[in-house]
$ cat input09.csv   # CSV, C-alpha atoms
chain,number,residue,atom,x,y,z
A,27,MET,CA,3.8,5.0,-26.0
A,28,ILE,CA,3.2,1.4,-25.0
A,29,PHE,CA,6.9,1.0,-24.3
A,30,ILE,CA,7.0,4.0,-21.9
A,31,PHE,CA,4.0,2.5,-20.1
A,32,THR,CA,5.5,-1.0,-19.8
A,33,GLY,CA,8.7,0.6,-18.5
A,34,PHE,CA,6.6,2.5,-16.0
A,35,LEU,CA,5.1,-0.8,-14.8
A,36,ALA,CA,8.6,-2.0,-14.0
A,37,PHE,CA,8.7,0.4,-11.1
A,38,VAL,CA,5.4,-1.1,-9.8
A,39,PHE,CA,7.1,-4.5,-9.7
A,40,PHE,CA,10.2,-3.0,-8.0
A,41,CYS,CA,7.9,-1.6,-5.3
A,42,ILE,CA,6.2,-5.0,-4.9
A,43,PHE,CA,9.6,-6.5,-4.4
A,44,ASP,CA,10.5,-4.0,-1.6
A,45,PHE,CA,7.1,-4.4,0.0
A,46,ASN,CA,7.7,-8.1,0.1
A,47,GLN,CA,11.1,-7.6,1.7
A,48,ALA,CA,9.6,-5.3,4.4
A,49,LYS,CA,6.3,-7.1,5.1
A,50,LEU,CA,5.5,-10.4,3.4
A,51,ARG,CA,8.9,-12.0,3.1
A,52,LYS,CA,7.9,-14.6,0.5
A,53,GLU,CA,10.8,-15.7,-1.6
A,54,VAL,CA,8.7,-16.3,-4.7
A,55,ILE,CA,7.6,-12.6,-4.7
A,56,ASN,CA,11.2,-11.6,-5.0
A,57,LEU,CA,10.9,-12.6,-8.6
A,58,SER,CA,9.0,-9.3,-9.1
A,59,PHE,CA,12.4,-7.5,-9.2
A,60,ALA,CA,13.4,-9.7,-12.2
A,61,VAL,CA,10.0,-9.0,-13.8
A,62,GLY,CA,10.6,-5.3,-13.5
A,63,ILE,CA,14.1,-5.6,-15.0
A,64,ALA,CA,12.6,-7.6,-17.9
A,65,LEU,CA,9.9,-5.0,-18.5
A,66,LEU,CA,12.5,-2.2,-18.6
A,67,ALA,CA,14.8,-4.2,-20.9
A,68,ALA,CA,12.0,-5.1,-23.3
A,69,SER,CA,10.7,-1.5,-23.3
A,70,THR,CA,14.1,-0.1,-24.0
A,71,ALA,CA,14.7,-2.6,-26.8
A,72,GLY,CA,11.2,-1.8,-28.3
A,73,ILE,CA,12.1,1.8,-28.5
A,74,LEU,CA,15.5,1.2,-29.9
A,75,LEU,CA,14.2,-1.1,-32.6
A,76,GLY,CA,11.1,1.0,-33.3
A,77,ASP,CA,10.7,3.6,-36.0
A,78,TYR,CA,10.6,6.8,-34.0
A,79,GLU,CA,11.4,10.3,-35.1
A,80,GLY,CA,14.6,11.9,-33.9
A,81,PHE,CA,17.8,13.5,-35.0
A,82,ALA,CA,21.0,12.2,-36.7
A,83,LEU,CA,24.5,12.7,-35.3
A,84,SER,CA,27.8,11.8,-36.9
A,85,ILE,CA,28.9,8.2,-36.7
A,86,THR,CA,31.7,9.3,-34.4
A,87,LEU,CA,29.3,10.9,-31.9
A,88,LYS,CA,26.9,7.9,-32.1
A,89,ILE,CA,29.8,5.6,-31.3
A,90,LEU,CA,31.0,7.8,-28.4
A,91,PHE,CA,27.5,8.1,-26.9
A,92,GLY,CA,26.9,4.4,-27.5
A,93,LEU,CA,30.1,3.5,-25.6
A,94,LEU,CA,29.2,5.9,-22.8
A,95,SER,CA,25.8,4.3,-22.6
A,96,ILE,CA,27.4,0.9,-22.3
A,97,VAL,CA,29.8,2.1,-19.6
A,98,SER,CA,26.8,3.6,-17.7
A,99,LEU,CA,24.9,0.3,-18.0
A,100,LEU,CA,27.8,-1.7,-16.7
A,101,MET,CA,28.2,0.7,-13.8
A,102,LEU,CA,24.5,0.3,-13.0
A,103,LEU,CA,24.8,-3.5,-13.1
A,104,TYR,CA,27.9,-3.3,-10.9
A,105,THR,CA,26.1,-1.1,-8.4
A,106,LEU,CA,23.0,-3.3,-8.2
A,107,PHE,CA,24.4,-6.8,-8.5
A,108,VAL,CA,28.1,-6.7,-7.4
A,109,ALA,CA,28.4,-3.9,-4.9
A,110,LEU,CA,25.5,-5.4,-2.9
A,111,PRO,CA,25.5,-9.0,-1.7
A,112,PHE,CA,23.3,-10.6,-4.5
A,113,SER,CA,21.8,-13.5,-2.6
A,114,ALA,CA,20.9,-11.5,0.5
A,115,THR,CA,19.6,-8.6,-1.5
A,116,TYR,CA,17.6,-10.3,-4.2
A,117,ARG,CA,17.0,-13.9,-3.4
A,118,LYS,CA,16.3,-14.3,0.3
A,119,ALA,CA,13.3,-12.7,1.9
A,120,LYS,CA,14.8,-12.1,5.3
A,121,PRO,CA,13.5,-9.6,7.8
A,122,VAL,CA,16.7,-7.6,8.3
A,123,ASN,CA,19.8,-7.0,6.2
A,124,THR,CA,22.9,-5.0,7.1
A,125,VAL,CA,23.7,-1.7,5.4
A,126,VAL,CA,26.3,-1.5,2.7
A,127,ASP,CA,28.2,1.8,3.1
A,128,ARG,CA,31.4,1.2,1.3
A,129,GLY,CA,32.5,1.8,-2.3
A,130,MET,CA,29.7,2.8,-4.6
A,131,TYR,CA,27.3,3.1,-1.6
A,132,ALA,CA,29.6,5.7,0.1
A,133,LEU,CA,29.0,7.9,-2.9
A,134,CYS,CA,25.3,8.3,-2.3
A,135,ARG,CA,22.5,6.2,-0.9
A,136,HIS,CA,21.1,5.4,-4.3
A,137,PRO,CA,23.9,5.5,-6.9
A,138,GLY,CA,22.0,3.3,-9.3
A,139,VAL,CA,19.8,6.3,-10.1
A,140,LEU,CA,22.8,8.2,-11.3
A,141,TRP,CA,23.9,5.4,-13.6
A,142,PHE,CA,20.3,4.8,-14.7
A,143,PHE,CA,20.0,8.5,-15.7
A,144,PHE,CA,23.3,8.5,-17.6
A,145,PHE,CA,22.5,5.2,-19.4
A,146,TYR,CA,19.3,6.7,-20.8
A,147,LEU,CA,20.8,10.1,-21.5
A,148,PHE,CA,23.6,8.5,-23.6
A,149,LEU,CA,21.3,6.0,-25.2
A,150,TRP,CA,19.1,8.8,-26.3
A,151,LEU,CA,22.0,10.7,-27.8
A,152,ALA,CA,23.4,7.6,-29.5
A,153,SER,CA,20.0,6.6,-31.0
A,154,GLY,CA,18.8,10.1,-31.6
A,155,LYS,CA,15.2,9.0,-31.0
A,156,ALA,CA,12.9,11.4,-29.3
A,157,MET,CA,10.9,8.5,-27.7
A,158,MET,CA,14.1,7.4,-26.0
A,159,MET,CA,14.5,10.9,-24.5
A,160,TRP,CA,10.9,10.8,-23.2
A,161,ALA,CA,11.3,7.3,-21.8
A,162,GLY,CA,14.6,8.3,-20.1
A,163,ILE,CA,13.0,11.3,-18.5
A,164,ILE,CA,9.8,9.5,-17.4
A,165,TRP,CA,11.7,6.4,-16.1
A,166,THR,CA,14.3,8.5,-14.3
A,167,VAL,CA,11.5,10.5,-12.5
A,168,MET,CA,9.9,7.1,-11.6
A,169,ASP,CA,13.3,5.8,-10.4
A,170,ILE,CA,13.7,8.9,-8.1
A,171,ILE,CA,10.1,8.4,-6.7
A,172,TYR,CA,10.9,4.8,-6.2
A,173,VAL,CA,14.1,5.3,-4.3
A,174,TYR,CA,12.5,8.0,-2.2
A,175,ILE,CA,9.8,5.4,-1.2
A,176,GLU,CA,12.6,2.9,-0.5
A,177,ASP,CA,14.6,5.5,1.5
A,178,ARG,CA,11.7,6.7,3.5
A,179,TRP,CA,9.7,3.5,4.3
A,180,PHE,CA,11.2,0.3,3.1
A,181,PHE,CA,14.9,0.4,3.8
A,182,PRO,CA,14.6,1.7,7.4
A,183,ALA,CA,12.4,-1.4,8.1
A,184,VAL,CA,14.7,-4.0,6.5
A,185,ILE,CA,18.3,-2.7,6.8
A,186,ASN,CA,20.0,-2.5,10.2
A,187,GLY,CA,21.7,0.9,10.7
A,188,TYR,CA,19.9,2.6,7.8
A,189,ASP,CA,18.9,5.7,9.8
A,190,GLN,CA,22.6,6.2,10.7
A,191,TYR,CA,23.6,5.7,7.1
A,192,LYS,CA,21.1,8.3,6.0
A,193,ARG,CA,22.8,10.9,8.3
A,194,LYS,CA,26.3,10.2,6.8
A,195,VAL,CA,25.7,9.7,3.1
A,196,PRO,CA,23.8,12.0,0.7
A,197,PHE,CA,20.5,10.8,-0.8
A,198,LEU,CA,21.3,11.2,-4.6
A,199,ILE,CA,23.8,14.0,-5.3
A,200,PRO,CA,27.3,13.1,-4.2
A,201,HIS,CA,29.4,15.8,-2.5
A,202,PRO,CA,33.2,16.0,-2.4
A,203,ALA,CA,33.6,14.1,0.8
A,204,SER,CA,31.3,11.2,-0.4
A,205,ILE,CA,33.2,11.1,-3.7
A,206,LYS,CA,36.5,10.8,-1.9
A,207,LYS,CA,35.2,8.1,0.4
A,208,CYS,CA,33.8,6.2,-2.5
A,209,LEU,CA,37.1,6.3,-4.4
A,210,LYS,CA,39.0,5.4,-1.2
A,211,GLN,CA,36.8,2.4,-0.3
A,212,GLY,CA,36.0,1.1,-3.7
A,213,ASP,CA,36.4,-2.5,-4.7
A,214,TRP,CA,38.1,-1.4,-7.9
A,215,ARG,CA,41.4,-0.4,-6.3

$ encode --input "input09.csv" --output "structure tokens"
Amino acid sequence: MIFIFTGFLAFVFFCIFDFNQAKLRKEVINLSFAVGIALLAASTAGILLGDYEGFALSITLKILFGLLSIVSLLMLLYTLFVALPFSATYRKAKPVNTVVDRGMYALCRHPGVLWFFFFYLFLWLASGKAMMMWAGIIWTVMDIIYVYIEDRWFFPAVINGYDQYKRKVPFLIPHPASIKKCLKQGDWR
């Protein structure tokens, strides 16, 4: 249970990061995002390495779900650290940024939540550990709450054109037009 709690704390640090971007603008506080990532990574590793009850799948299914988990993690990392301008997003504490509405961010306003969910779903299936399932559920709910707070209060304050972006792009669930736009404007072509 301690690992689920430390993963939960990661989202507190993510909110501190966004509050800093919106109000305080102190570059040193931007480290809270990295602290949150470290807490989530350590919590995930702790559950994976821990002796928790679960179920067993065939080695073929474990490999398949493990590979899908890795692909989901890579898509999450791409979404957060490549599709967004890294320095402007995570290092500088400037009062206003410009909206990114191309590629992955044409799909939905918070595509990282989708990849986060799939990462933990496939990691649970690959590991077979019930604690990983509970962590994935709790952390995904926390991620949804977190992006709702970002979408409602933080991003409109720090991203130019965010209100217009909200009217054009779905919150979390892509629709056919947003999927088409994402594929058409993606950096991967």

$ residues_near_point --input "input09.csv" --point "(13.0, 10.8, -38.7)" --cutoff "12 Å" --atoms "only C-alpha atoms" --output "PyMOL selection string"
chain A and resi 76-82+153-157

$ closest_residue --input "input09.csv" --among "A:Tyr131, A:Phe180, A:Tyr172, A:Trp165" --to "Val195 of chain A" --atoms "only C-alpha atoms"
A:Tyr131

$ residues_around --input "input09.csv" --residues "Tyr146 of chain A" --least-positions-apart "5" --cutoff "8 Å" --atoms "only C-alpha atoms" --output "list in words"
Ser95, Met158, Met159 and Gly162 of chain A

$ closest_residue --input "input09.csv" --among "A:Ile30, A:Leu100, A:Val126, A:Ala67" --to "Tyr191 of chain A" --atoms "only C-alpha atoms"
A:Val126

$ residues_around --input "input09.csv" --residues "Ser84 of chain A" --least-positions-apart "5" --cutoff "10 Å" --atoms "all atoms listed in the file" --output "list in words"
Ile89, Leu90 and Ala152 of chain A

$ closest_residue --input "input09.csv" --among "A:Arg51, A:Lys88, A:His201, A:His136" --to "Ile175 of chain A" --atoms "only C-alpha atoms"
A:His136

$ atom_distance --input "input09.csv" --atom1 "atom CA of Gly129 of chain A" --atom2 "atom CA of Lys192 of chain A"
15.5 Å
